[in-house]
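Enquirer: Let me begin by handing over the structure; questions about it come next.
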Amino acid sequence: MRISDAFLTELKSRIRPSDVMGRKVKLKKQGKEWAGLSPFTNEKTPSFYVNDEKGFFKCFSSGKFGDVITFLIETEKLSFMEAVERLAGEAGMEIPKGSEEDVRAFQQRKSLLEWMEAATQFFEDQLRAPVGRDARDYLERRGLGPDAWPRHRIGFAPEGWRNILDYLTELGATPEDIVAAGLAIDIEENDKPPYDRFRNRIIFPILDPSGRPIALGGRTIDPEGKPKYLNSPETSLFHKGRVLYRYGPAREALATIGTGALAGTPLSRGLVVTEGYVDAIALAEAGIGTGVAPLGTALTEEQLDLLWRVGPEPILCFDGDAAGVRAAHKAVDRALPYLEPGRSLFFTLLPDGMDPDDMIRRNGATAMQDALVAAKPLVDLLWTRELNFEPLNTPERRAGLEARLNACVEAIQHTGVKAAYGRELRDRLFQHFRSAGQGGRKHKDERRPRAGVNRAIGPVKLAGLQCLARAIDSPALLEAGSDQLAIAYFEDQDISALRDAVLDVLDSRETLDRSAVASHLRSLGRTRSEKLLKECSLTEPVDLATAEGREWLSALERFPTVAALRDEAERTSGAFASADGVEEQRAEWARRQRLVAERQAMKTRLQDASDGADHTSEA
């Protein structure tokens, strides 16, 4: 639905920005403005200013700027329409409707939302009534005491066939309304009356992003009750493939992590997806408020989109048993086509078949948090799955591994990410079979690095790191140096991976900065390279026209190329296959040749696409 500019202007005129923003930021009056600490960065000196007269905010520490709608979108991860709906509710305004059909659908939705709210309150009351004693005992045994019930609006549906039907009918609902809301089941044959869907079950309301109940989840308290968990059916309010349990509270919790103790950790980069709503609640009660859950189905494309709207690297947490591993693998296959720069998945498989609720109750909240912080990137799970699919004791099986990996790469739609995954998985194949051919001995570059950049690397490695850091901090240098960088030889694998990440980000036409490169490295499981970049000091941006810029290009050209190393090794050995290191240098040269060719082909495709868009625009 399109909202008119006139409506938005009227809406913003009725809302005082400092009132809305003051709920997130402690503001102090400074002249005509309000000032406070940035909600977007972790700072000690106020750089966040709100001007009610002009109707905008400005955050100098993060560079963010906008009106009250923008503020809600940025801080609470709302969509545009969700932000408008919330503010319209506060201002006492009704959002304009469209056609008569739209008006009828809107009125029906509004009515069903009211009955869902009334039902949720009824079930909450029943939990606290004498009839809810067994349900209360069960919840307390699971570590969910009375303080937790209102936070998650937990309730209880007593035994009986017409409890909610009779209650809502007395309030004015028709049986058709109650069935349409998914609260009752209608038996059309023999003219039998409808009956309550949820009976003798603990009720977990499923809320929309604005906090309104749209469906229910019910957990039986009868040990023989089937099914164990029951969700509402599909209704005009509820489509299970498009909803995540606790999505609204979780995205609000994620918005607050950016300035807290967990800022910069994996928990600050996305929501945590669990297998069920009890696990999501357990995380929240343990202080990890970013937990969500799908509703009885594998993750859908729509749910992945919901996750990526909030953060680029959600963590999928599964039980470590066979069923959990299968679910994780299914999520890998679902996500592959939609991976993009800065948009991936990470995975935590809990030990001993535990779920998050078990983990927290047995080992504590800190152990659960540590397990999530140690989440593995999607590429690691993909690699392990295909590597362990079958023994690799014949040429045919080794070829099968390569074919399966290639099929996974082909599923990725984004050209740049596809190329990066192809390179990463080919490199893992090369390293794995080389290690197997050496009797399992690790290559010298696979040794555990020592802590600290200055102590960990020698002059050559440090020179490569500094060269790359300068390029990231001064992207203008790469206009002239990217091709030379592509063929430069970095003996250290971590530095070579960092170089490849720089080129991947550059070729994908993302904004080249440390954040983008670090995100790309994490997605490929290159945590050592990410750590090197993080510990390398920031440099001031320079241009190629300056003396420092020309020196950078000169230093880059002094790095050997893999072709030169190969030729030198062949000359000194006299026989290519017998010289130490020559075989490896030839393999590295072949890989670099392939990667440079792929990079040039991708640049050509991107240029062709850009030219085509220009021609279409002109036409």
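Residue numbers start at 1 in each chain; chains themselves are named A, B, ... in the order of the structure tokens; ligands are numbered from 1 in the order shown.
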Among stretch 158-198 of chain A, which residues carry a DSSP assignment of helix (DSSP H, G or I), reported as a PyMOL selection string?

Expert: chain A and resi 163-171+175-180+189-191

Enquirer: Could you give me, as JSON lines, every stretch 149-240 of chain A residue with an atom at most 10 Å from stretch 106-126 of chain A, plus its closest atom pair and distance in Å to one decimal, counting only C-alpha atoms, rows ordered by chain then number?

Expert:
```
{"residue": "A:Trp149", "atom": "CA", "partner": "A:Glu124", "partner_atom": "CA", "distance": 8.3}
{"residue": "A:Pro150", "atom": "CA", "partner": "A:Glu124", "partner_atom": "CA", "distance": 8.1}
{"residue": "A:Arg153", "atom": "CA", "partner": "A:Glu124", "partner_atom": "CA", "distance": 6.6}
{"residue": "A:Ile154", "atom": "CA", "partner": "A:Glu124", "partner_atom": "CA", "distance": 6.1}
{"residue": "A:Gly155", "atom": "CA", "partner": "A:Glu124", "partner_atom": "CA", "distance": 3.9}
{"residue": "A:Phe156", "atom": "CA", "partner": "A:Phe123", "partner_atom": "CA", "distance": 4.9}
{"residue": "A:Ala157", "atom": "CA", "partner": "A:Phe123", "partner_atom": "CA", "distance": 5.7}
{"residue": "A:Pro158", "atom": "CA", "partner": "A:Gln126", "partner_atom": "CA", "distance": 7.3}
{"residue": "A:Asn163", "atom": "CA", "partner": "A:Phe122", "partner_atom": "CA", "distance": 9.6}
{"residue": "A:Ile164", "atom": "CA", "partner": "A:Ala119", "partner_atom": "CA", "distance": 6.9}
{"residue": "A:Leu165", "atom": "CA", "partner": "A:Ala119", "partner_atom": "CA", "distance": 9.4}
{"residue": "A:Tyr167", "atom": "CA", "partner": "A:Phe122", "partner_atom": "CA", "distance": 8.2}
{"residue": "A:Leu168", "atom": "CA", "partner": "A:Trp115", "partner_atom": "CA", "distance": 7.2}
{"residue": "A:Thr169", "atom": "CA", "partner": "A:Trp115", "partner_atom": "CA", "distance": 10.0}
{"residue": "A:Leu171", "atom": "CA", "partner": "A:Ala118", "partner_atom": "CA", "distance": 8.9}
{"residue": "A:Gly172", "atom": "CA", "partner": "A:Trp115", "partner_atom": "CA", "distance": 9.5}
{"residue": "A:Ala173", "atom": "CA", "partner": "A:Trp115", "partner_atom": "CA", "distance": 7.4}
{"residue": "A:Asp177", "atom": "CA", "partner": "A:Leu112", "partner_atom": "CA", "distance": 6.8}
{"residue": "A:Ile178", "atom": "CA", "partner": "A:Trp115", "partner_atom": "CA", "distance": 7.5}
{"residue": "A:Val179", "atom": "CA", "partner": "A:Leu112", "partner_atom": "CA", "distance": 9.9}
{"residue": "A:Ala180", "atom": "CA", "partner": "A:Leu112", "partner_atom": "CA", "distance": 7.6}
{"residue": "A:Ala181", "atom": "CA", "partner": "A:Leu112", "partner_atom": "CA", "distance": 5.8}
{"residue": "A:Gly182", "atom": "CA", "partner": "A:Met116", "partner_atom": "CA", "distance": 9.0}
{"residue": "A:Leu183", "atom": "CA", "partner": "A:Met116", "partner_atom": "CA", "distance": 8.2}
{"residue": "A:Arg201", "atom": "CA", "partner": "A:Phe123", "partner_atom": "CA", "distance": 9.9}
{"residue": "A:Ile202", "atom": "CA", "partner": "A:Phe123", "partner_atom": "CA", "distance": 8.7}
{"residue": "A:Ile203", "atom": "CA", "partner": "A:Phe123", "partner_atom": "CA", "distance": 7.1}
{"residue": "A:Phe204", "atom": "CA", "partner": "A:Thr120", "partner_atom": "CA", "distance": 8.9}
{"residue": "A:Pro205", "atom": "CA", "partner": "A:Thr120", "partner_atom": "CA", "distance": 6.9}
{"residue": "A:Ile206", "atom": "CA", "partner": "A:Thr120", "partner_atom": "CA", "distance": 9.8}
{"residue": "A:Leu207", "atom": "CA", "partner": "A:Glu117", "partner_atom": "CA", "distance": 10.0}
{"residue": "A:Arg212", "atom": "CA", "partner": "A:Glu117", "partner_atom": "CA", "distance": 7.1}
{"residue": "A:Pro213", "atom": "CA", "partner": "A:Met116", "partner_atom": "CA", "distance": 5.9}
{"residue": "A:Ile214", "atom": "CA", "partner": "A:Met116", "partner_atom": "CA", "distance": 6.4}
{"residue": "A:Ala215", "atom": "CA", "partner": "A:Met116", "partner_atom": "CA", "distance": 7.4}
{"residue": "A:Leu216", "atom": "CA", "partner": "A:Thr120", "partner_atom": "CA", "distance": 8.4}
{"residue": "A:Thr235", "atom": "CA", "partner": "A:Leu112", "partner_atom": "CA", "distance": 9.9}
{"residue": "A:Ser236", "atom": "CA", "partner": "A:Arg109", "partner_atom": "CA", "distance": 7.3}
{"residue": "A:Leu237", "atom": "CA", "partner": "A:Arg109", "partner_atom": "CA", "distance": 6.8}
```

Enquirer: Between atom CA of A:Lys77 and atom CA of A:Tyr277, what is the spacing in Å?

Expert: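 Going from atom CA of A:Tyr277 over to atom CA of A:Lys77 covers 21.1 Å.
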
Enquirer: If we count only C-alpha atoms and set the cut-off at 8 Å, which residues sit around A:Phe318, ignoring sequence neighbours fewer than 4 positions away in its own chain? Please answer as a VMD selection string.

Expert: chain A and resid 274 to 275 324 to 325 327 to 328 347 to 350 355

Enquirer: Put those residues in a file: N, CA and C atoms, as a CSV table (one decimal), in the first residue's frame.

Expert:
```csv
chain,number,residue,atom,x,y,z
A,274,THR,N,16.3,-20.8,16.8
A,274,THR,CA,16.2,-22.1,17.5
A,274,THR,C,15.1,-23.0,16.8
A,275,GLU,N,15.0,-24.2,17.3
A,275,GLU,CA,14.1,-25.2,16.7
A,275,GLU,C,12.7,-25.0,17.2
A,324,GLY,N,18.9,-32.9,14.3
A,324,GLY,CA,19.4,-31.5,14.3
A,324,GLY,C,20.4,-31.2,13.2
A,325,VAL,N,21.3,-32.2,12.9
A,325,VAL,CA,22.2,-32.1,11.8
A,325,VAL,C,21.5,-32.1,10.5
A,327,ALA,N,18.5,-31.0,10.0
A,327,ALA,CA,17.8,-29.7,9.8
A,327,ALA,C,18.8,-28.6,9.5
A,328,ALA,N,20.0,-28.7,10.0
A,328,ALA,CA,21.0,-27.7,9.7
A,328,ALA,C,21.4,-27.8,8.2
A,347,PHE,N,26.2,-21.3,12.1
A,347,PHE,CA,25.6,-22.4,12.7
A,347,PHE,C,26.2,-22.8,14.0
A,348,THR,N,25.4,-23.1,15.0
A,348,THR,CA,25.9,-23.7,16.3
A,348,THR,C,25.1,-25.1,16.4
A,349,LEU,N,25.9,-26.2,16.5
A,349,LEU,CA,25.3,-27.5,16.8
A,349,LEU,C,25.7,-27.8,18.3
A,350,LEU,N,24.7,-28.0,19.1
A,350,LEU,CA,25.0,-28.2,20.5
A,350,LEU,C,25.4,-29.6,20.8
A,355,ASP,N,19.2,-29.3,23.5
A,355,ASP,CA,18.7,-28.1,22.9
A,355,ASP,C,19.0,-26.9,23.8
```

Enquirer: Would you list the contacts of A:Leu538 as a PyMOL selection string, taking every protein, DNA or RNA residue within 12 Å and counting only C-alpha atoms, but skipping same-chain residues closer than 6 positions in sequence?

Expert: chain A and resi 465-474+513-514

Enquirer: Where does stretch 355-438 of chain A meet stretch 518-526 of chain A within 12 Å, residue by residue, with the nearest atom pair and distance in Å to one decimal for each, counting only C-alpha atoms, listed by chain and rising number, as CSV?

Expert:
```
residue,atom,partner,partner_atom,distance
A:Ala374,CA,A:Gly525,CA,11.5
A:Ala375,CA,A:Gly525,CA,10.3
A:Lys376,CA,A:Gly525,CA,7.3
A:Pro377,CA,A:Ser523,CA,5.5
A:Leu378,CA,A:Ser523,CA,6.9
A:Val379,CA,A:Leu524,CA,5.9
A:Asp380,CA,A:Gly525,CA,6.5
A:Leu381,CA,A:Gly525,CA,10.0
A:Leu382,CA,A:Leu524,CA,10.8
A:Trp383,CA,A:Leu524,CA,10.6
A:Gly416,CA,A:His520,CA,10.8
A:Val417,CA,A:His520,CA,9.0
A:Lys418,CA,A:Leu524,CA,11.6
A:Ala419,CA,A:Leu524,CA,11.8
A:Ala420,CA,A:Leu524,CA,8.2
A:Tyr421,CA,A:Leu524,CA,7.4
A:Gly422,CA,A:Leu524,CA,10.7
A:Arg423,CA,A:Leu524,CA,10.1
A:Glu424,CA,A:Leu524,CA,7.1
A:Leu425,CA,A:Leu524,CA,9.2
A:Asp427,CA,A:Leu524,CA,11.4
A:Arg428,CA,A:Leu524,CA,10.9
```

Enquirer: For atom CA of A:Arg528 and atom CA of A:Ile495, quote the distance in Å rounded to one decimal.

Expert: 9.3 Å

Enquirer: Report the distance between atom CA of A:Ile487 and atom CA of A:Phe433 in Å, rounded to one decimal place.

Expert: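 Atom CA of A:Ile487 sits 24.4 Å away from atom CA of A:Phe433.
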
Enquirer: Using only C-alpha atoms, which protein or nucleic acid residues come within 9 Å of A:Ala280? Drop anything in the same chain fewer than 4 positions from it, and give the result as a PyMOL selection string.

Expert: chain A and resi 245-246+272-276+284-285+288-293+356-357

Enquirer: Write to file, as an mmCIF file, in the first residue's frame, the residues of the selection just made, with C-alpha atoms.

Expert:
```cif
data_model
loop_
_atom_site.group_PDB
_atom_site.id
_atom_site.type_symbol
_atom_site.label_atom_id
_atom_site.label_comp_id
_atom_site.auth_asym_id
_atom_site.auth_seq_id
_atom_site.Cartn_x
_atom_site.Cartn_y
_atom_site.Cartn_z
ATOM 1 C CA TYR A 245 8.131 -16.658 16.862
ATOM 2 C CA ARG A 246 9.420 -13.736 19.024
ATOM 3 C CA VAL A 272 19.516 -16.585 16.870
ATOM 4 C CA VAL A 273 17.198 -19.181 15.318
ATOM 5 C CA THR A 274 16.173 -22.115 17.516
ATOM 6 C CA GLU A 275 14.081 -25.155 16.656
ATOM 7 C CA GLY A 276 11.102 -24.342 18.904
ATOM 8 C CA ALA A 284 15.445 -14.780 26.388
ATOM 9 C CA GLU A 285 15.171 -15.737 30.059
ATOM 10 C CA ILE A 288 19.970 -13.729 25.136
ATOM 11 C CA GLY A 289 16.943 -11.836 23.889
ATOM 12 C CA THR A 290 17.597 -12.317 20.167
ATOM 13 C CA GLY A 291 16.156 -15.841 19.918
ATOM 14 C CA VAL A 292 13.404 -16.643 17.411
ATOM 15 C CA ALA A 293 11.908 -19.864 16.076
ATOM 16 C CA PRO A 356 19.186 -24.567 24.160
ATOM 17 C CA ASP A 357 16.801 -25.147 27.071
#
```

Enquirer: Can you list every residue in stretch 160-381 of chain A that DSSP puts in strand (DSSP E or B), as a ChimeraX atom specification?

Expert: /A:184-185,195-196,201-207,213-220,229-231,245,272-273,291-293,315-318,340,343,346-349,376-377

Enquirer: Using only C-alpha atoms, which protein or nucleic acid residues come within 12 Å of A:Ser554? Drop anything in the same chain fewer than 2 positions from it, and give the result as an mmCIF file with all heavy atoms, in the first residue's frame.

Expert:
```cif
data_model
loop_
_atom_site.group_PDB
_atom_site.id
_atom_site.type_symbol
_atom_site.label_atom_id
_atom_site.label_comp_id
_atom_site.auth_asym_id
_atom_site.auth_seq_id
_atom_site.Cartn_x
_atom_site.Cartn_y
_atom_site.Cartn_z
ATOM 1 N N CYS A 467 50.327 -3.714 3.257
ATOM 2 C CA CYS A 467 49.976 -3.333 1.887
ATOM 3 C C CYS A 467 48.466 -3.473 1.658
ATOM 4 O O CYS A 467 47.819 -2.587 1.096
ATOM 5 C CB CYS A 467 50.747 -4.216 0.901
ATOM 6 S SG CYS A 467 50.368 -3.908 -0.839
ATOM 7 N N LEU A 477 43.316 3.589 -4.375
ATOM 8 C CA LEU A 477 44.569 3.000 -4.846
ATOM 9 C C LEU A 477 44.317 1.820 -5.778
ATOM 10 O O LEU A 477 45.114 1.556 -6.681
ATOM 11 C CB LEU A 477 45.414 2.542 -3.653
ATOM 12 C CG LEU A 477 45.888 3.625 -2.674
ATOM 13 C CD1 LEU A 477 46.666 2.993 -1.527
ATOM 14 C CD2 LEU A 477 46.759 4.661 -3.391
ATOM 15 N N ALA A 480 44.197 1.619 -9.821
ATOM 16 C CA ALA A 480 45.385 1.351 -10.641
ATOM 17 C C ALA A 480 46.067 0.041 -10.265
ATOM 18 O O ALA A 480 46.801 -0.527 -11.081
ATOM 19 C CB ALA A 480 46.387 2.502 -10.490
ATOM 20 N N GLY A 481 45.844 -0.450 -9.028
ATOM 21 C CA GLY A 481 46.639 -1.578 -8.554
ATOM 22 C C GLY A 481 45.938 -2.904 -8.440
ATOM 23 O O GLY A 481 46.564 -3.885 -8.042
ATOM 24 N N GLN A 484 47.535 -5.855 -10.534
ATOM 25 C CA GLN A 484 48.826 -6.248 -9.990
ATOM 26 C C GLN A 484 48.640 -7.016 -8.672
ATOM 27 O O GLN A 484 49.334 -7.994 -8.410
ATOM 28 C CB GLN A 484 49.693 -5.004 -9.732
ATOM 29 C CG GLN A 484 51.094 -5.292 -9.208
ATOM 30 C CD GLN A 484 51.964 -6.027 -10.226
ATOM 31 O OE1 GLN A 484 51.812 -5.827 -11.436
ATOM 32 N NE2 GLN A 484 52.843 -6.887 -9.744
ATOM 33 N N LEU A 485 47.677 -6.576 -7.875
ATOM 34 C CA LEU A 485 47.403 -7.265 -6.615
ATOM 35 C C LEU A 485 46.924 -8.688 -6.869
ATOM 36 O O LEU A 485 47.264 -9.614 -6.121
ATOM 37 C CB LEU A 485 46.341 -6.486 -5.830
ATOM 38 C CG LEU A 485 46.029 -6.973 -4.415
ATOM 39 C CD1 LEU A 485 47.245 -6.868 -3.518
ATOM 40 C CD2 LEU A 485 44.874 -6.176 -3.826
ATOM 41 N N LEU A 544 46.390 7.919 -5.143
ATOM 42 C CA LEU A 544 47.540 7.452 -5.930
ATOM 43 C C LEU A 544 48.394 8.612 -6.406
ATOM 44 O O LEU A 544 49.595 8.453 -6.657
ATOM 45 C CB LEU A 544 47.038 6.630 -7.128
ATOM 46 C CG LEU A 544 48.111 5.815 -7.864
ATOM 47 C CD1 LEU A 544 48.736 4.785 -6.949
ATOM 48 C CD2 LEU A 544 47.499 5.136 -9.083
ATOM 49 N N ALA A 547 52.606 11.147 -2.924
ATOM 50 C CA ALA A 547 53.845 10.386 -2.785
ATOM 51 C C ALA A 547 53.581 9.056 -2.083
ATOM 52 O O ALA A 547 54.140 8.014 -2.455
ATOM 53 C CB ALA A 547 54.876 11.209 -2.016
ATOM 54 N N GLU A 548 52.716 9.076 -1.045
ATOM 55 C CA GLU A 548 52.410 7.832 -0.330
ATOM 56 C C GLU A 548 51.688 6.847 -1.232
ATOM 57 O O GLU A 548 51.929 5.635 -1.164
ATOM 58 C CB GLU A 548 51.535 8.137 0.890
ATOM 59 C CG GLU A 548 52.284 8.740 2.063
ATOM 60 C CD GLU A 548 51.364 8.954 3.250
ATOM 61 O OE1 GLU A 548 50.498 9.843 3.145
ATOM 62 O OE2 GLU A 548 51.511 8.240 4.248
ATOM 63 N N GLY A 549 50.793 7.370 -2.085
ATOM 64 C CA GLY A 549 50.073 6.502 -2.995
ATOM 65 C C GLY A 549 50.999 5.859 -4.014
ATOM 66 O O GLY A 549 50.900 4.658 -4.292
ATOM 67 N N ARG A 550 51.909 6.628 -4.560
ATOM 68 C CA ARG A 550 52.856 6.075 -5.537
ATOM 69 C C ARG A 550 53.778 5.062 -4.877
ATOM 70 O O ARG A 550 54.149 4.052 -5.480
ATOM 71 C CB ARG A 550 53.662 7.216 -6.168
ATOM 72 C CG ARG A 550 52.844 8.110 -7.107
ATOM 73 C CD ARG A 550 53.734 9.027 -7.925
ATOM 74 N NE ARG A 550 54.431 9.994 -7.094
ATOM 75 C CZ ARG A 550 53.948 11.174 -6.731
ATOM 76 N NH1 ARG A 550 52.749 11.548 -7.142
ATOM 77 N NH2 ARG A 550 54.663 12.014 -5.983
ATOM 78 N N GLU A 551 54.160 5.293 -3.613
ATOM 79 C CA GLU A 551 55.013 4.356 -2.900
ATOM 80 C C GLU A 551 54.285 3.037 -2.664
ATOM 81 O O GLU A 551 54.873 1.959 -2.733
ATOM 82 C CB GLU A 551 55.457 4.954 -1.561
ATOM 83 C CG GLU A 551 56.230 4.003 -0.655
ATOM 84 C CD GLU A 551 57.442 3.367 -1.331
ATOM 85 O OE1 GLU A 551 58.064 4.012 -2.218
ATOM 86 O OE2 GLU A 551 57.765 2.211 -0.973
ATOM 87 N N TRP A 552 52.960 3.136 -2.390
ATOM 88 C CA TRP A 552 52.184 1.900 -2.203
ATOM 89 C C TRP A 552 52.215 1.062 -3.476
ATOM 90 O O TRP A 552 52.441 -0.147 -3.435
ATOM 91 C CB TRP A 552 50.735 2.242 -1.847
ATOM 92 C CG TRP A 552 49.867 1.019 -1.752
ATOM 93 C CD1 TRP A 552 49.703 0.195 -0.678
ATOM 94 C CD2 TRP A 552 49.061 0.465 -2.802
ATOM 95 N NE1 TRP A 552 48.850 -0.835 -0.985
ATOM 96 C CE2 TRP A 552 48.432 -0.699 -2.278
ATOM 97 C CE3 TRP A 552 48.795 0.831 -4.119
ATOM 98 C CZ2 TRP A 552 47.571 -1.492 -3.030
ATOM 99 C CZ3 TRP A 552 47.935 0.038 -4.874
ATOM 100 C CH2 TRP A 552 47.341 -1.094 -4.333
ATOM 101 N N LEU A 556 53.863 -2.642 -4.007
ATOM 102 C CA LEU A 556 53.089 -3.766 -4.513
ATOM 103 C C LEU A 556 53.792 -4.421 -5.691
ATOM 104 O O LEU A 556 53.838 -5.653 -5.792
ATOM 105 C CB LEU A 556 51.694 -3.283 -4.921
ATOM 106 C CG LEU A 556 50.771 -4.322 -5.569
ATOM 107 C CD1 LEU A 556 50.485 -5.475 -4.609
ATOM 108 C CD2 LEU A 556 49.452 -3.667 -6.009
ATOM 109 N N GLU A 557 54.353 -3.619 -6.559
ATOM 110 C CA GLU A 557 55.034 -4.166 -7.736
ATOM 111 C C GLU A 557 56.305 -4.910 -7.371
ATOM 112 O O GLU A 557 56.799 -5.726 -8.153
ATOM 113 C CB GLU A 557 55.345 -3.035 -8.722
ATOM 114 C CG GLU A 557 54.088 -2.450 -9.374
ATOM 115 C CD GLU A 557 54.380 -1.200 -10.181
ATOM 116 O OE1 GLU A 557 55.481 -0.617 -10.001
ATOM 117 O OE2 GLU A 557 53.498 -0.796 -10.968
ATOM 118 N N ARG A 558 56.853 -4.621 -6.173
ATOM 119 C CA ARG A 558 58.056 -5.338 -5.737
ATOM 120 C C ARG A 558 57.742 -6.732 -5.202
ATOM 121 O O ARG A 558 58.652 -7.557 -5.060
ATOM 122 C CB ARG A 558 58.791 -4.526 -4.671
ATOM 123 C CG ARG A 558 59.460 -3.263 -5.212
ATOM 124 C CD ARG A 558 60.483 -2.708 -4.235
ATOM 125 N NE ARG A 558 59.882 -2.204 -3.020
ATOM 126 C CZ ARG A 558 59.447 -0.952 -2.850
ATOM 127 N NH1 ARG A 558 59.535 -0.087 -3.868
ATOM 128 N NH2 ARG A 558 58.910 -0.568 -1.727
ATOM 129 N N PHE A 559 56.459 -7.012 -4.901
ATOM 130 C CA PHE A 559 56.103 -8.368 -4.502
ATOM 131 C C PHE A 559 56.282 -9.292 -5.699
ATOM 132 O O PHE A 559 55.917 -8.934 -6.824
ATOM 133 C CB PHE A 559 54.649 -8.435 -4.019
ATOM 134 C CG PHE A 559 54.460 -8.020 -2.596
ATOM 135 C CD1 PHE A 559 54.158 -6.718 -2.277
ATOM 136 C CD2 PHE A 559 54.610 -8.943 -1.555
ATOM 137 C CE1 PHE A 559 53.988 -6.322 -0.973
ATOM 138 C CE2 PHE A 559 54.440 -8.552 -0.240
ATOM 139 C CZ PHE A 559 54.132 -7.241 0.060
#
```

Enquirer: Using only C-alpha atoms, which residues sit within 10 Å of A:Ala35 once same-chain residues fewer than 3 positions away are excluded, as a PyMOL selection string?

Expert: chain A and resi 18+22+25-31+38+46-51+57-59
